[in-house]
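Structure first, commentary second.
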Amino acid sequence: MAPELLSLYGPMLRSRLFEEAVAKLWNDGLISGEMHLGTGEEAIIAGVVAQLGESDAMALDHRGTAALLMRGVDPVSILRELLGYPDGLCGGMGGHMHLFSKEHLAASSGIVGAEGPAAAGFALSAQYLNSGAVAVAFFGEGAMNQGMLMESLNLASTWNLPALFVCKNDGWAITSRSEKMTGGDLNERARGLGVPAVEFDGWDVLEVWEAACAAIERARSGQGPTFLHARCVHLEGHFLGMQLLRIVREPLREMPEIAIPLARSFLRPGGAALRERMAGLKEVLAAVLSSLRDPRRDSAYDPVQRARKTLLADAARLQSLEDRIEQEISRVLKAALEEARP
Amino acid sequence: MRTMFFTQAVDDALAQAMADDPRFILFGEDVPLLRRNLLVRFGPGRVRGTPISESAFLGAGVAAAMTGLRPVVEIYMVDFLGVCMDALLNHAAKVEAFSGGKWTAPVVVRVPCGGGYGDGGQHEQSLWGWLAHIPGLTVLVPSTPADAGGLMLAALRHDGPVVFLEHKLLSEMWLEFMGSGARRTVQFDVPAEGRKGAVPRRWDPVPIGKAVLRRTGDDVTIVSVGVGVHRALEAAQVLDTEGISAGVLDLRTVSPLDIVAVREAVARSGRLLVVDEDYEGFGLSGELSAVVLEAGISCKYARVCTKTTIPYARDREDQVLPNCERICAGIRRLMQ
Ligand SMILES: Cc1ncc(C[n+]2csc(CCOP(=O)(O)OP(=O)(O)O)c2C)c(N)n1
């Protein structure tokens with residue numbers, strides 16, 4: 001039976017506030033490199049991870065923070081890892097795309113599609129050792145075009161592995177619309193390899209929970225892998241500071257730097273005929289325009305806001321939960337920012 | 001005099017070649033947006049996006065090169081070549097040998113490499129030694145905008161597979177995309193001479209396999225590529241104040257290696273220090289020592305390379321990657 005919504009809202013909100021704190025630290029220059037947040041996919045992670053137990057394993061992508069938090073990894077140690085401290089989760093060696101927790105059987109990779117083989121291998125261990133455990137792979141829809149992920153679906157199917165392949169489909173792979181880069185239908189692709197596929201709204205945490213529950217039961221009872229296909233919206237685009245979103249959010253500041261060289265190149269002699277050039281220009285504009293019309297502006301696709309709306313019916317309970325989580329996150333932030341501990 | 005940023009120079013040379021010859025086409029993930037200036041000039045037929053399917057589109061680039069096209073295939077980072085290495089290792093590099101010299105695959109693989117901006121050990125590797133290990137591959141690592149454009153043009157004209165490595169720390173475009181992302185709160189140790197510099201009005205190819213002496217010096221020869229060249233120049237300046245005269249040889253091409261230039265310089269100075277951002281073991285630094293030894297040149301030798309997986313933490317990353325202090329320390333030891 002599905003749990004109470006409030007018990008799933010808590011981990012989602014916690015993850016959201018944590019990642020908002022991360023975004024601030026990144027903007028302040030305290031976190032280096034790229035930063036891919038999982039804001040917008042919290043319901044997918046919460047609906048699955050809430051049902052995992054001690055010996056279940058997770059193969060994570062470049063947005064692994066939410067899954068680690070919800071799986072019970074110490075938030076201070078994650079944050080200190082992102083800050084590059086020697087006592088961070090991975091001793092400051094991994095950083096946000098390479099987070100590992102052996103204790104929680106959670107391994108991340110920044111290599112798109114690598115979650116497939118990892119989950120297959122974790123599932124093989126579970127199957128062979130007869131532990132009753134399952135393995136979960138979290139990845140984006142763009143990763144579905146990576147050979148090793150497609151091969152892993154087939155491997156899991158032929159070996160009947162206890163695995164969940166969770167595709168978080170936000171429609172974008174960095175600046176590319178995934179539908180333009182993907183032949184056929186992803187559900188049919190999985191089914192064609194003998195893996196049952198279920199598609200659902202990833203912003204509705206109860207829907208995710210139901211789908212994951214059935215898939216986990218299937219896996220634990222030896223019936224093999226499932227492809228869980230969840231639609232979602234990444235509220236911060238591909239990563240923080242993403243140029244497409246900057247253009248949309250601050251057109252006056254961002255446009256000249258892009259538009260001037262673009263116009264110059266468009267007009268330069270030598271090259272294609274005008275019609276071809278126009279087609280090229282249209283492609284660039286289409287990318288900007290589709291960011292403009294992006295569903296991320298609509299709070300209906302925000303899993304945290306969405307659950308909250310329902311929970312407002314019992315405002316007092318909601319308030320006390322939110323207060324508690326807010327206090328926890330500010331404590332975490334404070335502890336994480338303390339000078340390097342021995 | 002024209003000046004350009006590093007990646008701007010590469011794109012400019014590419015545009016010149018594309019305007020001259022319709023066989024040049026460009027593809028890779030996000031290429032329509034990343035190379036939007038080329039897209040609006042040459043059209044979507046020649047500047048194409050791909051799915052995240054490197055083994056398919058790199059392999060296809062190799063085969064298209066065998067049948068009349070001159071593809072430039074972009075891979076997001078050299079680290080990700082891991083997923084599609086077969087296309088280079090077993091195909092692009094072998095066609096010429098297998099066909100008895102009758103068939104080649106003139107494909108250019110354009111790929112960012114290198115660290116110094118805190119992205120971690122799966123995203124900041126150099127790997128040119130790993131690539132140069134394979135007979136049949138040409139591996140280019142420019143260190144200035146002028147060389148970047150000129151070597152790109154040479155790569156495009158070369159009758160075989162070329163891996164063109166673009167160091168992210170020198171690339172205004174990649175550094176903004178991966179490193180800063182529009183925030184003004186982070187700083188990187190970017191070599192000014194590598195980031196922006198004078199370029200010719202019209203591009204001519206910079207010869208493949210020809211090193212260039214960036215600085216003359218009698219006591220020791222520093223040999224390097226990419227960002228390492230700039231770190232070496234910085235160190236040479238410091239050492240100058242201590243009365244040590246260090247020359248800096250920029251290989252520009254890792255494979256084929258300019259053996260003559262290396263031997264000449266080292267024979268004269270009697271000391272060789274290799275600065276290599278790539279891994280220390282089984283790579284360029286060892287190769288250079290072999291090249292010198294094989295010629296019977298006796299010299300003192302040391303190397304400053306990357307020995308371990310690159311740490312994510314910025315302070316430790318700066319220690320692991322070759323830096324000015326480590327180079328100076330290495331040379332002072334050689335001088336003892
Ligand atoms: C093998 C490989 N190729 C390319 C990349 C660069 N890259 C990082 S994330 C990404 C897009 C992934 O899209 P998707 O799988 O839909 O996940 P999302 O980022 O949208 O969550 C790409 C192309 C990579 N990290 N690894």
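Residue numbering restarts at 1 in every chain; chains get A, B, ... in the order shown in the structure tokens, and ligands count up from 1 in that same order.
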
Taking only C-alpha atoms and all ligand atoms and a cut-off of 7 Å, can you tell me which residues surround ligand 1, written as JSON, numbers by chain? {"A": [62, 63, 110, 111, 112, 113, 139, 140, 141, 142, 143, 144, 168, 169, 170, 171, 172, 173, 174, 238], "B": [29, 52, 54, 76, 80, 83]}

Could you write those residues out with N, CA, C and O atoms, as a short mmCIF file (atom, residue, chain, number, x, y, z; two decimals), in the first residue's frame?
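Output (again.cif):
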data_model
loop_
_atom_site.label_atom_id
_atom_site.label_comp_id
_atom_site.auth_asym_id
_atom_site.auth_seq_id
_atom_site.Cartn_x
_atom_site.Cartn_y
_atom_site.Cartn_z
N HIS A 62 24.98 11.81 -13.37
CA HIS A 62 25.61 13.07 -12.97
C HIS A 62 24.69 13.92 -12.10
O HIS A 62 24.99 15.07 -11.84
N ARG A 63 23.54 13.39 -11.73
CA ARG A 63 22.61 14.11 -10.83
C ARG A 63 22.31 13.25 -9.63
O ARG A 63 21.15 13.02 -9.28
N GLY A 110 29.90 9.98 -14.38
CA GLY A 110 29.63 11.10 -15.28
C GLY A 110 29.64 10.66 -16.73
O GLY A 110 29.53 11.48 -17.62
N ILE A 111 29.79 9.38 -16.96
CA ILE A 111 29.81 8.86 -18.33
C ILE A 111 28.38 8.45 -18.68
O ILE A 111 27.82 7.53 -18.07
N VAL A 112 27.80 9.13 -19.65
CA VAL A 112 26.39 8.91 -19.96
C VAL A 112 26.15 7.47 -20.41
O VAL A 112 26.79 6.99 -21.35
N GLY A 113 25.26 6.78 -19.73
CA GLY A 113 24.91 5.41 -20.07
C GLY A 113 25.59 4.38 -19.20
O GLY A 113 25.19 3.21 -19.17
N PHE A 139 18.94 7.27 -14.99
CA PHE A 139 19.62 7.93 -16.13
C PHE A 139 18.60 8.78 -16.88
O PHE A 139 17.39 8.67 -16.66
N GLY A 140 19.09 9.61 -17.79
CA GLY A 140 18.21 10.45 -18.60
C GLY A 140 17.82 9.76 -19.90
O GLY A 140 18.38 8.72 -20.26
N GLU A 141 16.89 10.36 -20.61
CA GLU A 141 16.43 9.75 -21.88
C GLU A 141 17.51 9.83 -22.94
O GLU A 141 17.57 8.99 -23.83
N GLY A 142 18.40 10.84 -22.83
CA GLY A 142 19.49 10.94 -23.80
C GLY A 142 20.40 9.72 -23.72
O GLY A 142 20.91 9.24 -24.73
N ALA A 143 20.55 9.20 -22.50
CA ALA A 143 21.41 8.04 -22.28
C ALA A 143 20.87 6.78 -22.97
O ALA A 143 21.61 5.83 -23.21
N MET A 144 19.58 6.81 -23.28
CA MET A 144 18.99 5.63 -23.93
C MET A 144 19.57 5.37 -25.32
O MET A 144 19.36 4.33 -25.90
N LYS A 168 14.71 9.05 -16.48
CA LYS A 168 14.12 10.33 -16.09
C LYS A 168 14.10 11.20 -17.35
O LYS A 168 15.11 11.78 -17.72
N ASN A 169 12.95 11.25 -17.97
CA ASN A 169 12.86 11.89 -19.29
C ASN A 169 12.43 13.35 -19.18
O ASN A 169 11.26 13.64 -18.96
N ASP A 170 13.40 14.25 -19.34
CA ASP A 170 13.06 15.69 -19.33
C ASP A 170 13.06 16.26 -20.74
O ASP A 170 12.91 17.47 -20.92
N GLY A 171 13.25 15.40 -21.73
CA GLY A 171 13.15 15.84 -23.12
C GLY A 171 14.40 16.52 -23.68
O GLY A 171 14.50 16.74 -24.87
N TRP A 172 15.34 16.84 -22.81
CA TRP A 172 16.54 17.55 -23.26
C TRP A 172 17.81 16.77 -22.90
O TRP A 172 17.90 16.21 -21.82
N ALA A 173 18.77 16.80 -23.81
CA ALA A 173 20.12 16.36 -23.49
C ALA A 173 21.02 17.57 -23.76
O ALA A 173 21.32 17.89 -24.91
N ILE A 174 21.37 18.27 -22.73
CA ILE A 174 22.08 19.55 -22.79
C ILE A 174 21.32 20.51 -23.70
O ILE A 174 20.26 21.00 -23.29
N HIS A 238 20.08 22.01 -17.99
CA HIS A 238 21.07 20.94 -17.90
C HIS A 238 21.99 21.11 -16.71
O HIS A 238 22.21 20.17 -15.95
N GLU B 29 27.61 15.63 -30.59
CA GLU B 29 26.53 16.00 -29.68
C GLU B 29 26.49 17.52 -29.51
O GLU B 29 27.52 18.13 -29.26
N ILE B 52 23.49 10.69 -28.31
CA ILE B 52 24.63 10.35 -27.44
C ILE B 52 24.99 8.89 -27.75
O ILE B 52 24.69 7.98 -26.98
N GLU B 54 28.29 7.65 -29.21
CA GLU B 54 29.63 7.91 -29.74
C GLU B 54 30.16 6.78 -30.58
O GLU B 54 30.81 7.00 -31.61
N TYR B 76 32.63 15.07 -26.79
CA TYR B 76 32.51 16.09 -25.75
C TYR B 76 33.78 16.29 -24.93
O TYR B 76 34.16 17.41 -24.61
N PHE B 80 35.64 10.72 -22.63
CA PHE B 80 34.51 9.94 -23.15
C PHE B 80 34.89 9.12 -24.37
O PHE B 80 34.09 8.33 -24.86
N VAL B 83 34.22 5.27 -24.45
CA VAL B 83 33.05 4.50 -24.91
C VAL B 83 33.11 4.17 -26.40
O VAL B 83 32.32 3.37 -26.88
#

Write out as a PDB file with N, CA and C atoms, in the first residue's frame every residue belonging to chain B that has an atom at most 8 Å from any atom of chain A, counting only C-alpha atoms.
ATOM      1  N   MET B  18      36.095  24.872 -44.713  1.00  0.00           N
ATOM      2  CA  MET B  18      34.740  24.485 -45.138  1.00  0.00           C
ATOM      3  C   MET B  18      34.266  25.318 -46.321  1.00  0.00           C
ATOM      4  N   ALA B  19      34.666  26.603 -46.335  1.00  0.00           N
ATOM      5  CA  ALA B  19      34.273  27.460 -47.449  1.00  0.00           C
ATOM      6  C   ALA B  19      34.974  27.026 -48.733  1.00  0.00           C
ATOM      7  N   ASP B  20      36.176  26.475 -48.583  1.00  0.00           N
ATOM      8  CA  ASP B  20      36.959  26.065 -49.753  1.00  0.00           C
ATOM      9  C   ASP B  20      36.575  24.689 -50.272  1.00  0.00           C
ATOM     10  N   GLU B  29      27.614  15.626 -30.587  1.00  0.00           N
ATOM     11  CA  GLU B  29      26.527  16.004 -29.685  1.00  0.00           C
ATOM     12  C   GLU B  29      26.485  17.522 -29.506  1.00  0.00           C
ATOM     13  N   ASP B  30      25.322  18.097 -29.646  1.00  0.00           N
ATOM     14  CA  ASP B  30      25.110  19.545 -29.428  1.00  0.00           C
ATOM     15  C   ASP B  30      25.882  20.426 -30.399  1.00  0.00           C
ATOM     16  N   PRO B  32      25.166  21.618 -33.324  1.00  0.00           N
ATOM     17  CA  PRO B  32      24.432  22.753 -33.896  1.00  0.00           C
ATOM     18  C   PRO B  32      24.445  23.989 -32.997  1.00  0.00           C
ATOM     19  N   LEU B  33      24.346  23.792 -31.697  1.00  0.00           N
ATOM     20  CA  LEU B  33      24.368  24.964 -30.803  1.00  0.00           C
ATOM     21  C   LEU B  33      25.790  25.394 -30.458  1.00  0.00           C
ATOM     22  N   ARG B  36      27.276  27.101 -33.492  1.00  0.00           N
ATOM     23  CA  ARG B  36      26.154  27.786 -34.160  1.00  0.00           C
ATOM     24  C   ARG B  36      26.630  28.764 -35.221  1.00  0.00           C
ATOM     25  N   ASN B  37      27.834  29.353 -35.016  1.00  0.00           N
ATOM     26  CA  ASN B  37      28.331  30.303 -36.012  1.00  0.00           C
ATOM     27  C   ASN B  37      28.649  29.592 -37.329  1.00  0.00           C
ATOM     28  N   LEU B  38      29.059  28.351 -37.248  1.00  0.00           N
ATOM     29  CA  LEU B  38      29.310  27.579 -38.472  1.00  0.00           C
ATOM     30  C   LEU B  38      27.984  27.087 -39.050  1.00  0.00           C
ATOM     31  N   LEU B  39      27.065  26.764 -38.182  1.00  0.00           N
ATOM     32  CA  LEU B  39      25.753  26.279 -38.634  1.00  0.00           C
ATOM     33  C   LEU B  39      25.045  27.313 -39.514  1.00  0.00           C
ATOM     34  N   VAL B  40      25.066  28.582 -39.085  1.00  0.00           N
ATOM     35  CA  VAL B  40      24.331  29.590 -39.852  1.00  0.00           C
ATOM     36  C   VAL B  40      25.071  30.012 -41.121  1.00  0.00           C
ATOM     37  N   ARG B  41      26.301  29.574 -41.266  1.00  0.00           N
ATOM     38  CA  ARG B  41      27.020  29.898 -42.504  1.00  0.00           C
ATOM     39  C   ARG B  41      27.029  28.710 -43.475  1.00  0.00           C
ATOM     40  N   PHE B  42      27.087  27.503 -42.919  1.00  0.00           N
ATOM     41  CA  PHE B  42      27.237  26.337 -43.802  1.00  0.00           C
ATOM     42  C   PHE B  42      26.001  25.445 -43.846  1.00  0.00           C
ATOM     43  N   GLY B  43      25.032  25.741 -42.985  1.00  0.00           N
ATOM     44  CA  GLY B  43      23.752  25.040 -43.059  1.00  0.00           C
ATOM     45  C   GLY B  43      23.724  23.714 -42.324  1.00  0.00           C
ATOM     46  N   PRO B  44      22.511  23.233 -42.038  1.00  0.00           N
ATOM     47  CA  PRO B  44      22.316  22.023 -41.228  1.00  0.00           C
ATOM     48  C   PRO B  44      22.798  20.744 -41.916  1.00  0.00           C
ATOM     49  N   GLY B  45      22.987  20.788 -43.233  1.00  0.00           N
ATOM     50  CA  GLY B  45      23.493  19.596 -43.915  1.00  0.00           C
ATOM     51  C   GLY B  45      24.948  19.321 -43.555  1.00  0.00           C
ATOM     52  N   GLY B  49      23.883  17.648 -35.505  1.00  0.00           N
ATOM     53  CA  GLY B  49      23.823  17.100 -34.158  1.00  0.00           C
ATOM     54  C   GLY B  49      23.713  15.585 -34.212  1.00  0.00           C
ATOM     55  N   THR B  50      24.132  14.939 -33.143  1.00  0.00           N
ATOM     56  CA  THR B  50      24.044  13.478 -33.086  1.00  0.00           C
ATOM     57  C   THR B  50      23.394  13.060 -31.768  1.00  0.00           C
ATOM     58  N   PRO B  51      22.864  11.840 -31.739  1.00  0.00           N
ATOM     59  CA  PRO B  51      22.467  11.275 -30.441  1.00  0.00           C
ATOM     60  C   PRO B  51      23.712  11.000 -29.586  1.00  0.00           C
ATOM     61  N   ILE B  52      23.493  10.694 -28.313  1.00  0.00           N
ATOM     62  CA  ILE B  52      24.627  10.348 -27.438  1.00  0.00           C
ATOM     63  C   ILE B  52      24.989   8.893 -27.745  1.00  0.00           C
ATOM     64  N   SER B  53      25.586   8.702 -28.893  1.00  0.00           N
ATOM     65  CA  SER B  53      25.904   7.364 -29.417  1.00  0.00           C
ATOM     66  C   SER B  53      27.287   7.428 -30.035  1.00  0.00           C
ATOM     67  N   GLU B  54      28.294   7.649 -29.206  1.00  0.00           N
ATOM     68  CA  GLU B  54      29.632   7.913 -29.737  1.00  0.00           C
ATOM     69  C   GLU B  54      30.165   6.776 -30.583  1.00  0.00           C
ATOM     70  N   SER B  55      29.930   5.534 -30.156  1.00  0.00           N
ATOM     71  CA  SER B  55      30.526   4.447 -30.937  1.00  0.00           C
ATOM     72  C   SER B  55      29.924   4.404 -32.330  1.00  0.00           C
ATOM     73  N   PHE B  80      35.643  10.724 -22.634  1.00  0.00           N
ATOM     74  CA  PHE B  80      34.513   9.941 -23.151  1.00  0.00           C
ATOM     75  C   PHE B  80      34.887   9.117 -24.372  1.00  0.00           C
ATOM     76  N   TYR B 117      40.141  23.181 -13.690  1.00  0.00           N
ATOM     77  CA  TYR B 117      38.925  23.938 -13.391  1.00  0.00           C
ATOM     78  C   TYR B 117      37.972  23.172 -12.468  1.00  0.00           C
ATOM     79  N   GLY B 118      38.457  22.076 -11.891  1.00  0.00           N
ATOM     80  CA  GLY B 118      37.692  21.429 -10.832  1.00  0.00           C
ATOM     81  C   GLY B 118      36.529  20.566 -11.264  1.00  0.00           C
ATOM     82  N   ASP B 119      36.706  19.802 -12.328  1.00  0.00           N
ATOM     83  CA  ASP B 119      35.609  18.950 -12.790  1.00  0.00           C
ATOM     84  C   ASP B 119      35.810  17.484 -12.413  1.00  0.00           C
ATOM     85  N   GLY B 120      36.955  17.170 -11.867  1.00  0.00           N
ATOM     86  CA  GLY B 120      37.166  15.805 -11.381  1.00  0.00           C
ATOM     87  C   GLY B 120      37.794  14.870 -12.393  1.00  0.00           C
ATOM     88  N   GLY B 121      38.201  13.700 -11.888  1.00  0.00           N
ATOM     89  CA  GLY B 121      39.081  12.787 -12.595  1.00  0.00           C
ATOM     90  C   GLY B 121      38.495  12.027 -13.774  1.00  0.00           C
ATOM     91  N   GLN B 122      37.200  12.177 -14.010  1.00  0.00           N
ATOM     92  CA  GLN B 122      36.579  11.506 -15.156  1.00  0.00           C
ATOM     93  C   GLN B 122      36.319  12.528 -16.266  1.00  0.00           C
ATOM     94  N   HIS B 123      36.724  13.768 -16.016  1.00  0.00           N
ATOM     95  CA  HIS B 123      36.403  14.838 -16.952  1.00  0.00           C
ATOM     96  C   HIS B 123      37.583  15.748 -17.242  1.00  0.00           C
ATOM     97  N   PHE B 177      31.753  27.172 -20.649  1.00  0.00           N
ATOM     98  CA  PHE B 177      30.713  26.136 -20.666  1.00  0.00           C
ATOM     99  C   PHE B 177      30.820  25.219 -19.447  1.00  0.00           C
ATOM    100  N   MET B 178      32.051  24.768 -19.146  1.00  0.00           N
ATOM    101  CA  MET B 178      32.217  23.760 -18.096  1.00  0.00           C
ATOM    102  C   MET B 178      32.704  24.358 -16.781  1.00  0.00           C
ATOM    103  N   GLY B 179      33.474  25.410 -16.871  1.00  0.00           N
ATOM    104  CA  GLY B 179      34.165  25.874 -15.679  1.00  0.00           C
ATOM    105  C   GLY B 179      33.435  26.969 -14.935  1.00  0.00           C
ATOM    106  N   SER B 180      33.163  28.061 -15.638  1.00  0.00           N
ATOM    107  CA  SER B 180      32.584  29.183 -14.913  1.00  0.00           C
ATOM    108  C   SER B 180      31.080  29.227 -15.053  1.00  0.00           C
ATOM    109  N   GLY B 181      30.538  28.899 -16.233  1.00  0.00           N
ATOM    110  CA  GLY B 181      29.090  28.942 -16.391  1.00  0.00           C
ATOM    111  C   GLY B 181      28.540  30.292 -15.993  1.00  0.00           C
ATOM    112  N   ALA B 182      29.176  31.328 -16.444  1.00  0.00           N
ATOM    113  CA  ALA B 182      28.704  32.703 -16.272  1.00  0.00           C
ATOM    114  C   ALA B 182      28.920  33.266 -14.876  1.00  0.00           C
ATOM    115  N   ARG B 183      29.442  32.484 -13.937  1.00  0.00           N
ATOM    116  CA  ARG B 183      29.665  33.091 -12.617  1.00  0.00           C
ATOM    117  C   ARG B 183      31.004  33.814 -12.629  1.00  0.00           C
ATOM    118  N   ARG B 184      31.053  34.892 -11.880  1.00  0.00           N
ATOM    119  CA  ARG B 184      32.296  35.667 -11.852  1.00  0.00           C
ATOM    120  C   ARG B 184      33.059  35.389 -10.573  1.00  0.00           C
ATOM    121  N   THR B 185      32.635  34.354  -9.867  1.00  0.00           N
ATOM    122  CA  THR B 185      33.202  34.095  -8.545  1.00  0.00           C
ATOM    123  C   THR B 185      34.319  33.055  -8.570  1.00  0.00           C
ATOM    124  N   VAL B 186      34.648  32.536  -9.759  1.00  0.00           N
ATOM    125  CA  VAL B 186      35.729  31.546  -9.805  1.00  0.00           C
ATOM    126  C   VAL B 186      36.870  32.038 -10.690  1.00  0.00           C
ATOM    127  N   ILE B 310      43.030  12.478 -11.055  1.00  0.00           N
ATOM    128  CA  ILE B 310      43.016  13.912 -10.739  1.00  0.00           C
ATOM    129  C   ILE B 310      41.967  14.189  -9.663  1.00  0.00           C
ATOM    130  N   PRO B 311      42.394  14.775  -8.520  1.00  0.00           N
ATOM    131  CA  PRO B 311      41.432  15.055  -7.452  1.00  0.00           C
ATOM    132  C   PRO B 311      40.432  16.127  -7.871  1.00  0.00           C
ATOM    133  N   TYR B 312      39.242  16.001  -7.335  1.00  0.00           N
ATOM    134  CA  TYR B 312      38.216  17.021  -7.587  1.00  0.00           C
ATOM    135  C   TYR B 312      38.555  18.320  -6.850  1.00  0.00           C
ATOM    136  N   ALA B 313      39.009  18.200  -5.599  1.00  0.00           N
ATOM    137  CA  ALA B 313      39.278  19.391  -4.788  1.00  0.00           C
ATOM    138  C   ALA B 313      40.288  20.284  -5.508  1.00  0.00           C
ATOM    139  N   ARG B 314      39.943  21.541  -5.697  1.00  0.00           N
ATOM    140  CA  ARG B 314      40.769  22.448  -6.506  1.00  0.00           C
ATOM    141  C   ARG B 314      42.215  22.562  -6.000  1.00  0.00           C
TER     142      ARG B 314
END

Separating atom CA of B:Ser255 from atom CA of B:Ala211, to the nearest tenth of an Å, is a gap of 11.0 Å

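Distances from A:Leu68, A:Leu206, A:Gln319, A:Ala57 to A:Glu4 were compared using only C-alpha atoms, and the smallest one belongs to A:Leu206.
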
message: Quick one: residues within 12 Å of B:Ala60, only C-alpha atoms, excluding same-chain residues fewer than 3 positions away - as a PyMOL selection string?
response: chain B and resi 27-28+50+53-57+63-67+69-73+84+86-88+91-92+105+107

Preceding selection exported with N, CA and C atoms as a compact mmCIF listing (two decimals), in the first residue's frame:
# COMPACT_ATOMS: atom_id res chain seq x y z
N PHE B 27 30.15 16.93 -37.22
CA PHE B 27 29.07 16.43 -36.37
C PHE B 27 29.50 15.99 -35.00
N GLY B 28 28.52 15.91 -34.10
CA GLY B 28 28.76 15.54 -32.71
C GLY B 28 27.58 16.01 -31.87
N THR B 50 24.13 14.94 -33.14
CA THR B 50 24.04 13.48 -33.09
C THR B 50 23.39 13.06 -31.77
N SER B 53 25.59 8.70 -28.89
CA SER B 53 25.90 7.36 -29.42
C SER B 53 27.29 7.43 -30.04
N GLU B 54 28.29 7.65 -29.21
CA GLU B 54 29.63 7.91 -29.74
C GLU B 54 30.16 6.78 -30.58
N SER B 55 29.93 5.53 -30.16
CA SER B 55 30.53 4.45 -30.94
C SER B 55 29.92 4.40 -32.33
N ALA B 56 28.65 4.78 -32.45
CA ALA B 56 28.03 4.81 -33.78
C ALA B 56 28.53 5.99 -34.61
N PHE B 57 28.48 7.20 -34.04
CA PHE B 57 28.80 8.33 -34.93
C PHE B 57 30.29 8.52 -35.15
N ALA B 63 34.16 5.69 -41.38
CA ALA B 63 33.75 5.07 -42.64
C ALA B 63 33.41 6.12 -43.70
N ALA B 64 32.78 7.21 -43.27
CA ALA B 64 32.46 8.28 -44.23
C ALA B 64 33.76 8.86 -44.80
N ALA B 65 34.78 8.91 -43.95
CA ALA B 65 36.08 9.42 -44.40
C ALA B 65 36.70 8.49 -45.44
N MET B 66 36.34 7.23 -45.38
CA MET B 66 36.88 6.25 -46.33
C MET B 66 36.16 6.32 -47.68
N THR B 67 35.06 7.05 -47.71
CA THR B 67 34.25 7.07 -48.93
C THR B 67 33.99 8.48 -49.42
N LEU B 69 34.09 11.68 -47.88
CA LEU B 69 33.87 12.86 -47.05
C LEU B 69 35.11 13.16 -46.22
N ARG B 70 35.15 14.37 -45.68
CA ARG B 70 36.22 14.74 -44.74
C ARG B 70 35.54 15.18 -43.45
N PRO B 71 35.09 14.21 -42.65
CA PRO B 71 34.32 14.59 -41.46
C PRO B 71 35.21 15.09 -40.31
N VAL B 72 34.67 16.08 -39.61
CA VAL B 72 35.23 16.49 -38.33
C VAL B 72 34.23 16.02 -37.28
N VAL B 73 34.65 15.05 -36.47
CA VAL B 73 33.75 14.48 -35.48
C VAL B 73 34.12 15.04 -34.12
N CYS B 84 34.04 4.78 -27.14
CA CYS B 84 34.03 4.56 -28.60
C CYS B 84 35.44 4.35 -29.14
N ASP B 86 37.05 1.86 -29.93
CA ASP B 86 37.21 0.87 -31.00
C ASP B 86 37.32 1.52 -32.38
N ALA B 87 36.51 2.56 -32.60
CA ALA B 87 36.51 3.21 -33.91
C ALA B 87 37.90 3.75 -34.25
N LEU B 88 38.62 4.24 -33.23
CA LEU B 88 39.97 4.76 -33.47
C LEU B 88 41.01 3.64 -33.47
N HIS B 91 39.95 0.59 -36.12
CA HIS B 91 39.48 0.90 -37.46
C HIS B 91 40.23 2.08 -38.08
N ALA B 92 39.97 3.28 -37.61
CA ALA B 92 40.65 4.45 -38.21
C ALA B 92 42.16 4.22 -38.33
N ALA B 105 41.59 6.75 -43.87
CA ALA B 105 40.40 7.34 -43.27
C ALA B 105 40.74 8.75 -42.76
N VAL B 107 39.77 11.31 -41.15
CA VAL B 107 38.78 11.87 -40.23
C VAL B 107 39.53 12.70 -39.19

Inset, instruction - Quick one: everything within 8 Å of A:Ala307, counting only C-alpha atoms, minus sequence neighbours fewer than 2 positions away in the same chain. Send it as an MDAnalysis selection string. - result: chainID A and resid 5 9 204:205 303:305 309:311

Correct to one decimal, the distance atom CA of A:Phe138-atom CA of A:Val166 is 4.9 Å

Please return, as a ChimeraX atom specification, all residues of stretch 116-319 of chain B that DSSP assigns to strand (DSSP E or B) on the basis of the backbone. /B:138-140,162-167,196-199,212-215,220-224,246-250,253-255,271-279,300-306

Counting only C-alpha atoms, closest pick from B:Ala198, B:Val260, B:Leu239, B:Val62 relative to B:Val162 is B:Val62

All residues 6 Å or closer to stretch 140-143 of chain B, only C-alpha atoms, same chain fewer than 5 positions away omitted, as a list in words = Ala148, Phe164, Leu165, Gly194, Gly226, Arg252, Thr253 and Val254 of chain B

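Picture a line from atom CA of A:Cys232 to atom CA of A:Ser291; it runs 14.8 Å.
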
For the alpha helix (DSSP H) assignment from backbone DSSP, which residues of stretch 24-143 of chain B qualify? Please present them as a PyMOL selection string. chain B and resi 31-34+36-42+54-66+85-86+95-98+128-132
